[in-house]
file data-v4.cif (mmCIF, C-alpha atoms)
data_data
loop_
_atom_site.group_PDB
_atom_site.id
_atom_site.type_symbol
_atom_site.label_atom_id
_atom_site.label_comp_id
_atom_site.auth_asym_id
_atom_site.auth_seq_id
_atom_site.Cartn_x
_atom_site.Cartn_y
_atom_site.Cartn_z
ATOM 1 C CA MET N 102 -7.689 17.275 -22.657
ATOM 2 C CA SER N 103 -8.071 17.657 -18.878
ATOM 3 C CA VAL N 104 -5.316 16.682 -16.474
ATOM 4 C CA LEU N 105 -6.064 16.877 -12.761
ATOM 5 C CA PRO N 106 -2.899 15.869 -10.866
ATOM 6 C CA PRO N 107 -2.285 16.182 -7.142
ATOM 7 C CA VAL N 108 0.801 18.154 -6.093
ATOM 8 C CA GLY N 109 4.049 16.642 -7.336
ATOM 9 C CA ARG N 110 2.637 14.197 -9.886
ATOM 10 C CA LEU N 111 4.035 13.927 -13.393
ATOM 11 C CA ARG N 112 1.475 14.816 -16.040
ATOM 12 C CA TRP N 113 0.586 13.106 -19.304
ATOM 13 C CA THR N 114 2.165 16.055 -21.111
ATOM 14 C CA ASP N 115 5.443 15.329 -19.269
ATOM 15 C CA VAL N 116 5.646 11.935 -20.980
ATOM 16 C CA PRO N 117 7.872 12.132 -24.087
ATOM 17 C CA ALA N 118 5.946 12.239 -27.348
ATOM 18 C CA PRO N 119 7.486 8.971 -28.672
ATOM 19 C CA LEU N 120 6.146 7.043 -25.678
ATOM 20 C CA ARG N 121 2.734 8.686 -25.887
ATOM 21 C CA THR N 122 2.583 7.745 -29.574
ATOM 22 C CA ARG N 123 3.711 4.179 -28.837
ATOM 23 C CA LEU N 124 0.969 3.803 -26.231
ATOM 24 C CA GLU N 125 -1.726 5.108 -28.567
ATOM 25 C CA ILE N 126 -0.581 2.702 -31.297
ATOM 26 C CA ALA N 127 -0.547 -0.226 -28.853
ATOM 27 C CA LEU N 128 -3.985 0.683 -27.513
ATOM 28 C CA GLY N 129 -5.390 1.222 -30.988
ATOM 29 C CA SER N 130 -6.822 4.668 -30.309
ATOM 30 C CA SER N 131 -5.809 8.207 -29.415
ATOM 31 C CA VAL N 132 -5.973 9.564 -25.874
ATOM 32 C CA VAL N 133 -8.726 12.163 -25.482
ATOM 33 C CA ASP N 134 -8.825 12.656 -21.703
ATOM 34 C CA VAL N 135 -6.514 12.080 -18.736
ATOM 35 C CA VAL N 136 -7.510 12.054 -15.065
ATOM 36 C CA THR N 137 -5.129 11.514 -12.172
ATOM 37 C CA PRO N 138 -6.978 10.171 -9.126
ATOM 38 C CA ALA N 139 -6.326 11.761 -5.762
ATOM 39 C CA GLY N 140 -4.351 9.815 -3.170
ATOM 40 C CA GLY N 141 -0.986 8.140 -3.029
ATOM 41 C CA PHE N 142 2.425 9.601 -2.328
ATOM 42 C CA GLY N 143 4.410 8.803 -5.477
ATOM 43 C CA HIS N 144 5.424 11.366 -8.103
ATOM 44 C CA GLN N 145 5.272 9.233 -11.259
ATOM 45 C CA LEU N 146 2.481 9.572 -13.794
ATOM 46 C CA ALA N 147 -0.421 7.506 -12.482
ATOM 47 C CA ALA N 148 -3.470 8.310 -14.564
ATOM 48 C CA ALA N 149 -6.628 6.975 -16.142
ATOM 49 C CA LEU N 150 -6.607 7.474 -19.908
ATOM 50 C CA ARG N 151 -9.835 7.698 -21.893
ATOM 51 C CA LEU N 152 -9.392 6.783 -25.540
ATOM 52 C CA ALA N 153 -11.296 7.999 -28.565
ATOM 53 C CA SER N 154 -12.723 4.477 -28.841
ATOM 54 C CA GLY N 155 -14.372 4.940 -25.441
ATOM 55 C CA ARG N 156 -12.050 2.451 -23.746
ATOM 56 C CA ARG N 157 -10.267 3.404 -20.525
ATOM 57 C CA VAL N 158 -6.950 2.133 -19.176
ATOM 58 C CA PHE N 159 -4.689 3.047 -16.274
ATOM 59 C CA VAL N 160 -1.058 3.986 -16.925
ATOM 60 C CA LYS N 161 1.968 4.459 -14.694
ATOM 61 C CA ALA N 162 5.066 6.024 -16.267
ATOM 62 C CA ALA N 163 8.381 7.567 -15.273
ATOM 63 C CA PRO N 164 11.892 8.031 -16.679
ATOM 64 C CA ASP N 165 14.015 4.884 -16.697
ATOM 65 C CA ASP N 166 16.477 6.389 -14.215
ATOM 66 C CA ASP N 167 13.696 7.171 -11.722
ATOM 67 C CA PRO N 168 13.550 4.614 -8.859
ATOM 68 C CA LEU N 169 9.787 4.425 -9.290
ATOM 69 C CA THR N 170 10.265 2.835 -12.715
ATOM 70 C CA ASP N 171 11.736 -0.275 -11.083
ATOM 71 C CA ALA N 172 8.756 -0.302 -8.715
ATOM 72 C CA ASN N 173 6.308 0.036 -11.623
ATOM 73 C CA VAL N 174 7.942 -2.827 -13.522
ATOM 74 C CA HIS N 175 7.960 -4.953 -10.363
ATOM 75 C CA GLU N 176 4.238 -4.321 -10.003
ATOM 76 C CA ALA N 177 3.692 -5.346 -13.626
ATOM 77 C CA ASN N 178 5.611 -8.592 -13.113
ATOM 78 C CA VAL N 179 3.534 -9.336 -10.017
ATOM 79 C CA LEU N 180 0.200 -8.622 -11.709
ATOM 80 C CA ASP N 181 1.202 -10.999 -14.490
ATOM 81 C CA VAL N 182 1.572 -13.975 -12.123
ATOM 82 C CA LEU N 183 -0.958 -13.488 -9.335
ATOM 83 C CA PRO N 184 -3.219 -16.531 -8.987
ATOM 84 C CA PRO N 185 -6.661 -16.544 -10.644
ATOM 85 C CA GLY N 186 -9.210 -14.785 -8.510
ATOM 86 C CA ALA N 187 -6.680 -12.569 -6.745
ATOM 87 C CA PRO N 188 -8.114 -9.119 -5.985
ATOM 88 C CA ALA N 189 -5.944 -7.300 -8.529
ATOM 89 C CA PRO N 190 -6.370 -5.625 -11.931
ATOM 90 C CA GLU N 191 -5.154 -7.205 -15.164
ATOM 91 C CA LEU N 192 -1.780 -6.241 -16.637
ATOM 92 C CA LEU N 193 -2.197 -5.027 -20.237
ATOM 93 C CA GLY N 194 1.419 -4.337 -21.185
ATOM 94 C CA ILE N 195 4.780 -2.670 -20.625
ATOM 95 C CA HIS N 196 6.009 -0.111 -23.168
ATOM 96 C CA ARG N 197 9.338 1.728 -23.454
ATOM 97 C CA ALA N 198 10.473 4.686 -25.547
ATOM 98 C CA ALA N 199 12.644 7.795 -25.246
ATOM 99 C CA GLY N 200 14.184 6.682 -21.956
ATOM 100 C CA TRP N 201 10.821 6.210 -20.244
ATOM 101 C CA THR N 202 8.806 3.124 -19.276
ATOM 102 C CA ALA N 203 5.010 2.894 -19.037
ATOM 103 C CA VAL N 204 2.993 0.109 -17.443
ATOM 104 C CA VAL N 205 -0.591 -0.258 -18.694
ATOM 105 C CA ILE N 206 -3.172 -1.804 -16.372
ATOM 106 C CA ALA N 207 -6.877 -2.511 -16.781
ATOM 107 C CA HIS N 208 -9.010 0.385 -15.605
ATOM 108 C CA LEU N 209 -11.158 -0.193 -12.538
ATOM 109 C CA ASP N 210 -14.452 1.658 -12.455
ATOM 110 C CA GLY N 211 -15.383 2.836 -8.987
ATOM 111 C CA PRO N 212 -14.322 4.788 -5.899
ATOM 112 C CA HIS N 213 -11.995 3.828 -3.102
ATOM 113 C CA PRO N 214 -13.782 1.528 -0.666
ATOM 114 C CA ASP N 215 -15.595 2.909 2.334
ATOM 115 C CA LEU N 216 -13.919 1.255 5.333
ATOM 116 C CA SER N 217 -16.256 2.821 7.899
ATOM 117 C CA PRO N 218 -18.358 0.625 10.233
ATOM 118 C CA ALA N 219 -21.511 1.467 8.251
ATOM 119 C CA SER N 220 -20.121 -0.068 5.046
ATOM 120 C CA GLY N 221 -19.682 -3.656 3.992
ATOM 121 C CA ASP N 222 -16.396 -2.882 2.239
ATOM 122 C CA ALA N 223 -14.264 -3.587 5.314
ATOM 123 C CA GLY N 224 -15.801 -7.036 5.699
ATOM 124 C CA GLN N 225 -15.182 -7.828 2.042
ATOM 125 C CA THR N 226 -11.568 -6.702 2.398
ATOM 126 C CA TRP N 227 -10.991 -9.007 5.381
ATOM 127 C CA ALA N 228 -12.524 -11.898 3.420
ATOM 128 C CA LEU N 229 -10.202 -11.173 0.485
ATOM 129 C CA LEU N 230 -7.182 -11.189 2.810
ATOM 130 C CA ASP N 231 -8.266 -14.547 4.223
ATOM 131 C CA LYS N 232 -8.541 -15.999 0.702
ATOM 132 C CA LEU N 233 -5.263 -14.437 -0.457
ATOM 133 C CA THR N 234 -3.207 -15.726 2.488
ATOM 134 C CA SER N 235 -4.894 -19.047 3.205
ATOM 135 C CA SER N 236 -2.340 -21.015 1.182
ATOM 136 C CA PRO N 237 1.288 -20.534 0.121
ATOM 137 C CA ALA N 238 2.047 -18.237 -2.812
ATOM 138 C CA PRO N 239 2.213 -20.048 -6.173
ATOM 139 C CA ALA N 240 5.646 -20.768 -7.600
ATOM 140 C CA ALA N 241 5.339 -18.202 -10.421
ATOM 141 C CA TYR N 242 4.583 -15.437 -7.928
ATOM 142 C CA THR N 243 7.447 -16.474 -5.645
ATOM 143 C CA ALA N 244 9.829 -16.415 -8.619
ATOM 144 C CA ALA N 245 8.611 -12.947 -9.621
ATOM 145 C CA VAL N 246 9.328 -11.440 -6.202
ATOM 146 C CA VAL N 247 12.489 -13.388 -5.304
ATOM 147 C CA GLY N 248 15.277 -10.987 -4.444
ATOM 148 C CA THR N 249 12.818 -8.200 -3.689
ATOM 149 C CA PRO N 250 13.513 -7.049 -0.132
ATOM 150 C CA SER N 251 10.529 -6.897 2.173
ATOM 151 C CA GLY N 252 9.850 -3.313 3.124
ATOM 152 C CA ALA N 253 7.917 -4.584 6.131
ATOM 153 C CA ALA N 254 10.879 -6.525 7.531
ATOM 154 C CA GLY N 255 12.985 -3.391 7.958
ATOM 155 C CA LEU N 256 10.386 -1.156 9.608
ATOM 156 C CA HIS N 257 11.481 0.305 12.931
ATOM 157 C CA GLY N 258 11.445 3.486 14.971
ATOM 158 C CA TRP N 259 11.120 2.700 18.657
ATOM 159 C CA ASP N 260 14.845 2.009 18.890
ATOM 160 C CA VAL N 261 15.562 5.562 17.706
ATOM 161 C CA LEU N 262 12.871 7.141 19.875
ATOM 162 C CA ARG N 263 13.992 5.257 22.978
ATOM 163 C CA ALA N 264 17.545 6.490 22.539
ATOM 164 C CA ASP N 265 16.423 10.106 22.282
ATOM 165 C CA PRO N 266 12.741 10.514 23.240
ATOM 166 C CA PRO N 267 11.203 13.601 21.587
ATOM 167 C CA GLY N 268 9.518 16.079 23.868
ATOM 168 C CA ASP N 269 6.110 15.650 22.208
ATOM 169 C CA LEU N 270 5.980 11.905 22.891
ATOM 170 C CA GLY N 271 2.956 11.304 25.126
ATOM 171 C CA PRO N 272 3.321 9.667 28.533
ATOM 172 C CA ASP N 273 1.213 6.684 27.419
ATOM 173 C CA VAL N 274 3.902 5.938 24.833
ATOM 174 C CA ARG N 275 6.950 7.082 26.765
ATOM 175 C CA HIS N 276 6.474 4.586 29.615
ATOM 176 C CA ARG N 277 6.278 1.705 27.101
ATOM 177 C CA LEU N 278 9.360 2.593 25.043
ATOM 178 C CA HIS N 279 11.475 -0.285 26.343
ATOM 179 C CA GLU N 280 8.712 -2.846 25.752
ATOM 180 C CA LEU N 281 7.935 -1.461 22.298
ATOM 181 C CA ALA N 282 11.603 -1.465 21.270
ATOM 182 C CA GLU N 283 11.940 -5.103 22.372
ATOM 183 C CA LEU N 284 8.881 -6.137 20.358
ATOM 184 C CA GLU N 285 10.164 -4.253 17.345
ATOM 185 C CA ALA N 286 13.579 -5.937 17.646
ATOM 186 C CA ALA N 287 11.871 -9.335 17.512
ATOM 187 C CA TRP N 288 10.021 -8.550 14.287
ATOM 188 C CA PRO N 289 12.814 -9.147 11.694
ATOM 189 C CA GLY N 290 13.180 -12.723 12.944
ATOM 190 C CA LEU N 291 9.443 -13.275 12.457
ATOM 191 C CA ALA N 292 9.097 -11.478 9.118
ATOM 192 C CA HIS N 293 9.673 -14.497 6.875
ATOM 193 C CA GLY N 294 6.916 -16.525 5.267
ATOM 194 C CA ASP N 295 5.530 -17.989 2.053
ATOM 195 C CA ARG N 296 2.283 -16.014 1.678
ATOM 196 C CA ILE N 297 1.407 -13.313 -0.855
ATOM 197 C CA VAL N 298 2.004 -9.882 0.665
ATOM 198 C CA HIS N 299 0.686 -6.724 -1.007
ATOM 199 C CA GLY N 300 2.893 -4.630 1.256
ATOM 200 C CA ASP N 301 1.075 -1.263 1.182
ATOM 201 C CA LEU N 302 -2.578 -1.898 1.879
ATOM 202 C CA ARG N 303 -4.619 1.256 2.481
ATOM 203 C CA ALA N 304 -8.001 2.476 1.254
ATOM 204 C CA ASP N 305 -6.346 4.605 -1.447
ATOM 205 C CA ASN N 306 -4.589 1.462 -2.705
ATOM 206 C CA MET N 307 -7.950 -0.226 -3.239
ATOM 207 C CA VAL N 308 -10.842 0.391 -5.627
ATOM 208 C CA ARG N 309 -14.435 -0.771 -5.208
ATOM 209 C CA ASP N 310 -14.968 -1.744 -8.827
ATOM 210 C CA HIS N 311 -18.586 -1.763 -9.968
ATOM 211 C CA ASP N 312 -18.190 -5.305 -11.361
ATOM 212 C CA ARG N 313 -15.468 -6.907 -9.224
ATOM 213 C CA GLY N 314 -16.036 -5.306 -5.847
ATOM 214 C CA VAL N 315 -13.046 -4.389 -3.675
ATOM 215 C CA THR N 316 -9.815 -4.796 -5.638
ATOM 216 C CA PHE N 317 -6.250 -4.173 -4.461
ATOM 217 C CA VAL N 318 -4.096 -1.883 -6.619
ATOM 218 C CA ASP N 319 -0.517 -0.555 -6.419
ATOM 219 C CA TRP N 320 1.323 -3.863 -6.022
ATOM 220 C CA ALA N 321 4.749 -2.193 -6.286
ATOM 221 C CA HIS N 322 5.788 -3.435 -2.818
ATOM 222 C CA ALA N 323 4.572 -7.004 -3.261
ATOM 223 C CA THR N 324 6.699 -9.777 -1.815
ATOM 224 C CA THR N 325 6.290 -12.917 0.281
ATOM 225 C CA GLY N 326 6.058 -13.048 4.051
ATOM 226 C CA PRO N 327 3.836 -14.063 6.944
ATOM 227 C CA ALA N 328 0.080 -13.841 6.459
ATOM 228 C CA CYS N 329 -0.275 -11.157 9.115
ATOM 229 C CA ILE N 330 1.437 -8.259 7.299
ATOM 230 C CA ASP N 331 -1.419 -6.921 5.192
ATOM 231 C CA ALA N 332 -4.046 -7.572 7.861
ATOM 232 C CA VAL N 333 -2.045 -5.732 10.526
ATOM 233 C CA SER N 334 -1.308 -2.891 8.087
ATOM 234 C CA LEU N 335 -5.039 -2.549 7.445
ATOM 235 C CA ALA N 336 -6.018 -2.510 11.132
ATOM 236 C CA PRO N 337 -4.978 1.117 11.919
ATOM 237 C CA GLN N 338 -6.672 2.247 8.710
ATOM 238 C CA LEU N 339 -9.940 0.856 10.037
ATOM 239 C CA VAL N 340 -9.499 2.749 13.292
ATOM 240 C CA LEU N 341 -8.957 5.921 11.261
ATOM 241 C CA ALA N 342 -12.155 5.078 9.357
ATOM 242 C CA GLY N 343 -14.208 5.024 12.553
ATOM 243 C CA HIS N 344 -13.960 1.490 13.964
ATOM 244 C CA THR N 345 -13.155 1.269 17.660
ATOM 245 C CA PRO N 346 -9.716 -0.064 18.640
ATOM 246 C CA LYS N 347 -11.473 -2.729 20.759
ATOM 247 C CA ASP N 348 -13.453 -4.017 17.783
ATOM 248 C CA ILE N 349 -10.380 -4.176 15.554
ATOM 249 C CA THR N 350 -8.343 -5.863 18.300
ATOM 250 C CA ARG N 351 -11.022 -8.547 18.575
ATOM 251 C CA LEU N 352 -10.957 -8.937 14.801
ATOM 252 C CA LEU N 353 -7.170 -9.400 14.812
ATOM 253 C CA ASP N 354 -7.546 -11.993 17.561
ATOM 254 C CA ARG N 355 -9.781 -14.168 15.402
ATOM 255 C CA HIS N 356 -8.894 -13.470 11.755
ATOM 256 C CA PRO N 357 -6.925 -16.417 10.271
ATOM 257 C CA ALA N 358 -4.192 -14.146 8.891
ATOM 258 C CA THR N 359 -3.315 -12.810 12.353
ATOM 259 C CA ALA N 360 -4.693 -15.273 14.919
ATOM 260 C CA THR N 361 -2.390 -18.116 13.826
ATOM 261 C CA ASP N 362 0.720 -16.190 14.941
ATOM 262 C CA PRO N 363 -0.212 -13.528 17.495
ATOM 263 C CA LEU N 364 3.420 -12.811 18.418
ATOM 264 C CA ALA N 365 4.338 -11.976 14.807
ATOM 265 C CA SER N 366 1.183 -9.870 14.463
ATOM 266 C CA THR N 367 1.933 -7.844 17.603
ATOM 267 C CA ALA N 368 5.636 -7.480 16.774
ATOM 268 C CA PHE N 369 4.830 -6.203 13.295
ATOM 269 C CA LEU N 370 2.242 -3.782 14.656
ATOM 270 C CA ALA N 371 4.916 -2.473 17.024
ATOM 271 C CA ALA N 372 7.472 -2.079 14.209
ATOM 272 C CA LEU N 373 4.934 -0.400 11.906
ATOM 273 C CA THR N 374 3.752 2.005 14.600
ATOM 274 C CA GLY N 375 7.335 2.843 15.571
ATOM 275 C CA HIS N 376 8.116 3.554 11.916
ATOM 276 C CA TRP N 377 5.157 5.943 11.733
ATOM 277 C CA HIS N 378 6.023 7.652 15.024
ATOM 278 C CA ARG N 379 9.623 8.230 13.954
ATOM 279 C CA ASN N 380 8.929 9.308 10.372
ATOM 280 C CA ALA N 381 6.029 11.602 11.270
ATOM 281 C CA ARG N 382 8.581 13.865 12.961
ATOM 282 C CA ARG N 383 10.845 14.134 9.923
ATOM 283 C CA PRO N 384 10.644 16.780 7.169
ATOM 284 C CA ALA N 385 8.180 16.000 4.402
ATOM 285 C CA PRO N 386 9.847 14.465 1.327
ATOM 286 C CA PRO N 387 9.529 16.354 -1.973
ATOM 287 C CA GLY N 388 6.303 15.638 -3.817
ATOM 288 C CA ALA N 389 4.484 14.095 -0.830
ATOM 289 C CA PRO N 390 3.179 16.995 1.271
ATOM 290 C CA GLY N 391 0.505 14.937 3.028
ATOM 291 C CA LEU N 392 2.699 12.007 4.028
ATOM 292 C CA ARG N 393 3.824 13.175 7.482
ATOM 293 C CA ALA N 394 0.307 14.163 8.573
ATOM 294 C CA TYR N 395 -0.953 10.730 7.491
ATOM 295 C CA GLN N 396 1.862 8.998 9.397
ATOM 296 C CA HIS N 397 1.010 10.963 12.526
ATOM 297 C CA ARG N 398 -2.641 9.881 12.362
ATOM 298 C CA ALA N 399 -1.694 6.284 11.588
ATOM 299 C CA ALA N 400 0.794 6.222 14.498
ATOM 300 C CA THR N 401 -1.924 7.321 16.893
ATOM 301 C CA ALA N 402 -4.306 4.641 15.624
ATOM 302 C CA GLY N 403 -1.609 1.970 15.719
ATOM 303 C CA MET N 404 -0.668 2.876 19.283
ATOM 304 C CA ALA N 405 -4.307 2.573 20.371
ATOM 305 C CA LEU N 406 -4.326 -0.988 19.047
ATOM 306 C CA LEU N 407 -0.957 -1.815 20.583
ATOM 307 C CA ALA N 408 -2.038 -0.588 24.013
ATOM 308 C CA LEU N 409 -4.957 -3.047 23.963
ATOM 309 C CA ARG N 410 -2.831 -5.963 22.767
ATOM 310 C CA LEU N 411 -0.166 -5.342 25.407
ATOM 311 C CA ASN N 412 -2.486 -4.838 28.387
#

call {"tool": "encode", "arguments": {"input": "data-v4.cif", "output": "C-alpha cells"}}
result
Amino acid sequence: MSVLPPVGRLRWTDVPAPLRTRLEIALGSSVVDVVTPAGGFGHQLAAALRLASGRRVFVKAAPDDDPLTDANVHEANVLDVLPPGAPAPELLGIHRAAGWTAVVIAHLDGPHPDLSPASGDAGQTWALLDKLTSSPAPAAYTAAVVGTPSGAAGLHGWDVLRADPPGDLGPDVRHRLHELAELEAAWPGLAHGDRIVHGDLRADNMVRDHDRGVTFVDWAHATTGPACIDAVSLAPQLVLAGHTPKDITRLLDRHPATATDPLASTAFLAALTGHWHRNARRPAPPGAPGLRAYQHRAATAGMALLALRLN
C-alpha cells in the first residue's frame, strides 16, 4: 500500500482499524492503495482509496473531537442536497467508528483545472458560477446550511493594518489604507444573500474530471450569500494563473455574479485582500506550511485588482 501525504496530513494508517474495517465492509471490497493528492491546507485524512474491486472513492476522516470533523460532516450534508447539475461530486456515505468519522465521496478522475489564459478551464468555471448563482438556493440546501456562519462575512484586515501599518507595506497600499478600511467595513452589511456559496473556491478545490469537466470539491465552507463571493474569490486566482488584472477586472464588470452588485463585489474584494495581507504576516499554523506564502501571493493579486476598480 502506498500513501503519499503532504506535510501534516493524517494517513490511512492513522485511521483506527474499526473504522477502516467498517469502510471496507460498506464499500464491499478491501483497500489496496491510498493516494493523498497534493494541495489544500487541512490536516485530516483526505485520500483517494483504490479497492481490490478496481473501484475508487475519496474519503475524508478525522477524530470526532477534531474541528475538521464538523466541517467534513457539513460538506457531506451540503453534497446531499445540492441541486441536480451542480458542479459537485456525489456523496456516498458517512461512517463512524472508534471515535472517528469518515465521509465517502465519489472519486473524480482528473487533474486540477488549468486556469491559465491558454486553457478553456477558466471559461468553463465562470460559466458554472453563472449557472450556480443565477437563481436562489433551493430550500433543502438553505436548510442544510442554516446556522452555518459565513466565513466570508467576517473577513477583514485593513482595520488592523491601518491602526498599526507594518513597515513592509508598500506605498501603493499604504496611501489607500483609509479607503480600503472603509470599503471593508461596509462588507458585512452587504454579505447577505440567498445564493449558493462554495466559500473556498481555488484551483486546488476543483478537479477537471475526464467525464464531467470542471467540478468543485471541498464544500466544507458552503453557505448562502450574495452571488459575488465565489466569483470575486476566484478573480485573484486567475491573476496568479497568468491573466492580466485588466482582463479580470473587465470580466468582473460584466459577469452576472458580480456586475449586478458592483459595490458588494468591490467591498468583498477589499475585505478578502485585507484578510490575506494581515494573515500573510502571521506565523504559519501547524500543518499548513505553505499557507502564508499563498496568502502573500493572493494579497498581491487582489490588490492589483482593487487598484483598478478604485481608480

call {"tool": "residues_around", "arguments": {"input": "data-v4.cif", "residues": "Gly200 in chain N", "least_positions_apart": "4", "cutoff": "9 Å", "atoms": "all atoms listed in the file", "output": "PyMOL selection string"}}
result
chain N and resi 117+120+163-166

call {"tool": "closest_residue", "arguments": {"input": "data-v4.cif", "among": "N:Arg303, N:Arg313, N:Arg277, N:His293", "to": "Glu191 in chain N", "atoms": "all atoms listed in the file"}}
result
N:Arg313

call {"tool": "resolve_selection", "arguments": {"input": "data-v4.cif", "expression": "the PyMOL selection byres ((chain N and resi 265-270) around 12)", "output": "VMD selection string"}}
result
chain N and resid 258 to 264 271 to 279 375 378 to 379 381 to 383 397 400 to 401 404

call {"tool": "residues_around", "arguments": {"input": "data-v4.cif", "residues": "Ala323 in chain N", "least_positions_apart": "5", "cutoff": "10 Å", "atoms": "all atoms listed in the file", "output": "short mmCIF file (atom, residue, chain, number, x, y, z; two decimals) with C-alpha atoms, keeping the file's coordinate frame"}}
result
data_model
loop_
_atom_site.label_atom_id
_atom_site.label_comp_id
_atom_site.auth_asym_id
_atom_site.auth_seq_id
_atom_site.Cartn_x
_atom_site.Cartn_y
_atom_site.Cartn_z
CA ALA N 172 8.76 -0.30 -8.72
CA HIS N 175 7.96 -4.95 -10.36
CA GLU N 176 4.24 -4.32 -10.00
CA VAL N 179 3.53 -9.34 -10.02
CA LEU N 180 0.20 -8.62 -11.71
CA TYR N 242 4.58 -15.44 -7.93
CA ALA N 245 8.61 -12.95 -9.62
CA VAL N 246 9.33 -11.44 -6.20
CA THR N 249 12.82 -8.20 -3.69
CA PRO N 250 13.51 -7.05 -0.13
CA SER N 251 10.53 -6.90 2.17
CA GLY N 252 9.85 -3.31 3.12
CA ILE N 297 1.41 -13.31 -0.86
CA VAL N 298 2.00 -9.88 0.66
CA HIS N 299 0.69 -6.72 -1.01
CA GLY N 300 2.89 -4.63 1.26
CA ASP N 301 1.08 -1.26 1.18
#

call {"tool": "resolve_selection", "arguments": {"input": "data-v4.cif", "expression": "the PyMOL selection byres ((chain N and resi 146-152) around 9)", "output": "PyMOL selection string"}}
result
chain N and resi 104+106+110-113+115-116+125+128-138+143-145+153-163+203+208

call {"tool": "write_last_selection", "arguments": {"input": "data-v4.cif", "atoms": "C-alpha atoms", "output": "mmCIF file, in the frame of the given file"}}
result
data_model
loop_
_atom_site.group_PDB
_atom_site.id
_atom_site.type_symbol
_atom_site.label_atom_id
_atom_site.label_comp_id
_atom_site.auth_asym_id
_atom_site.auth_seq_id
_atom_site.Cartn_x
_atom_site.Cartn_y
_atom_site.Cartn_z
ATOM 1 C CA VAL N 104 -5.316 16.682 -16.474
ATOM 2 C CA PRO N 106 -2.899 15.869 -10.866
ATOM 3 C CA ARG N 110 2.637 14.197 -9.886
ATOM 4 C CA LEU N 111 4.035 13.927 -13.393
ATOM 5 C CA ARG N 112 1.475 14.816 -16.040
ATOM 6 C CA TRP N 113 0.586 13.106 -19.304
ATOM 7 C CA ASP N 115 5.443 15.329 -19.269
ATOM 8 C CA VAL N 116 5.646 11.935 -20.980
ATOM 9 C CA GLU N 125 -1.726 5.108 -28.567
ATOM 10 C CA LEU N 128 -3.985 0.683 -27.513
ATOM 11 C CA GLY N 129 -5.390 1.222 -30.988
ATOM 12 C CA SER N 130 -6.822 4.668 -30.309
ATOM 13 C CA SER N 131 -5.809 8.207 -29.415
ATOM 14 C CA VAL N 132 -5.973 9.564 -25.874
ATOM 15 C CA VAL N 133 -8.726 12.163 -25.482
ATOM 16 C CA ASP N 134 -8.825 12.656 -21.703
ATOM 17 C CA VAL N 135 -6.514 12.080 -18.736
ATOM 18 C CA VAL N 136 -7.510 12.054 -15.065
ATOM 19 C CA THR N 137 -5.129 11.514 -12.172
ATOM 20 C CA PRO N 138 -6.978 10.171 -9.126
ATOM 21 C CA GLY N 143 4.410 8.803 -5.477
ATOM 22 C CA HIS N 144 5.424 11.366 -8.103
ATOM 23 C CA GLN N 145 5.272 9.233 -11.259
ATOM 24 C CA ALA N 153 -11.296 7.999 -28.565
ATOM 25 C CA SER N 154 -12.723 4.477 -28.841
ATOM 26 C CA GLY N 155 -14.372 4.940 -25.441
ATOM 27 C CA ARG N 156 -12.050 2.451 -23.746
ATOM 28 C CA ARG N 157 -10.267 3.404 -20.525
ATOM 29 C CA VAL N 158 -6.950 2.133 -19.176
ATOM 30 C CA PHE N 159 -4.689 3.047 -16.274
ATOM 31 C CA VAL N 160 -1.058 3.986 -16.925
ATOM 32 C CA LYS N 161 1.968 4.459 -14.694
ATOM 33 C CA ALA N 162 5.066 6.024 -16.267
ATOM 34 C CA ALA N 163 8.381 7.567 -15.273
ATOM 35 C CA ALA N 203 5.010 2.894 -19.037
ATOM 36 C CA HIS N 208 -9.010 0.385 -15.605
#

call {"tool": "atom_distance", "arguments": {"input": "data-v4.cif", "atom1": "CA of Gly314 in chain N", "atom2": "CA of Ser220 in chain N"}}
result
12.8 Å

call {"tool": "residues_near_point", "arguments": {"input": "data-v4.cif", "point": "(-8.6, 3.0, 8.7)", "cutoff": "10 Å", "atoms": "only C-alpha atoms", "output": "list in words"}}
result
Asp215, Leu216, Ser217, Ala223, Arg303, Ala304, Ser334, Leu335, Ala336, Pro337, Gln338, Leu339, Val340, Leu341, Ala342, Gly343, His344, Arg398, Ala399, Ala402 and Gly403 of chain N

call {"tool": "write_last_selection", "arguments": {"input": "data-v4.cif", "atoms": "C-alpha atoms", "output": "mmCIF file, keeping the file's coordinate frame"}}
result
data_model
loop_
_atom_site.group_PDB
_atom_site.id
_atom_site.type_symbol
_atom_site.label_atom_id
_atom_site.label_comp_id
_atom_site.auth_asym_id
_atom_site.auth_seq_id
_atom_site.Cartn_x
_atom_site.Cartn_y
_atom_site.Cartn_z
ATOM 1 C CA ASP N 215 -15.595 2.909 2.334
ATOM 2 C CA LEU N 216 -13.919 1.255 5.333
ATOM 3 C CA SER N 217 -16.256 2.821 7.899
ATOM 4 C CA ALA N 223 -14.264 -3.587 5.314
ATOM 5 C CA ARG N 303 -4.619 1.256 2.481
ATOM 6 C CA ALA N 304 -8.001 2.476 1.254
ATOM 7 C CA SER N 334 -1.308 -2.891 8.087
ATOM 8 C CA LEU N 335 -5.039 -2.549 7.445
ATOM 9 C CA ALA N 336 -6.018 -2.510 11.132
ATOM 10 C CA PRO N 337 -4.978 1.117 11.919
ATOM 11 C CA GLN N 338 -6.672 2.247 8.710
ATOM 12 C CA LEU N 339 -9.940 0.856 10.037
ATOM 13 C CA VAL N 340 -9.499 2.749 13.292
ATOM 14 C CA LEU N 341 -8.957 5.921 11.261
ATOM 15 C CA ALA N 342 -12.155 5.078 9.357
ATOM 16 C CA GLY N 343 -14.208 5.024 12.553
ATOM 17 C CA HIS N 344 -13.960 1.490 13.964
ATOM 18 C CA ARG N 398 -2.641 9.881 12.362
ATOM 19 C CA ALA N 399 -1.694 6.284 11.588
ATOM 20 C CA ALA N 402 -4.306 4.641 15.624
ATOM 21 C CA GLY N 403 -1.609 1.970 15.719
#

call {"tool": "closest_residue", "arguments": {"input": "data-v4.cif", "among": "N:Arg296, N:Arg123, N:Arg393, N:Lys232", "to": "Ile330 in chain N", "atoms": "all atoms listed in the file"}}
result
N:Arg296
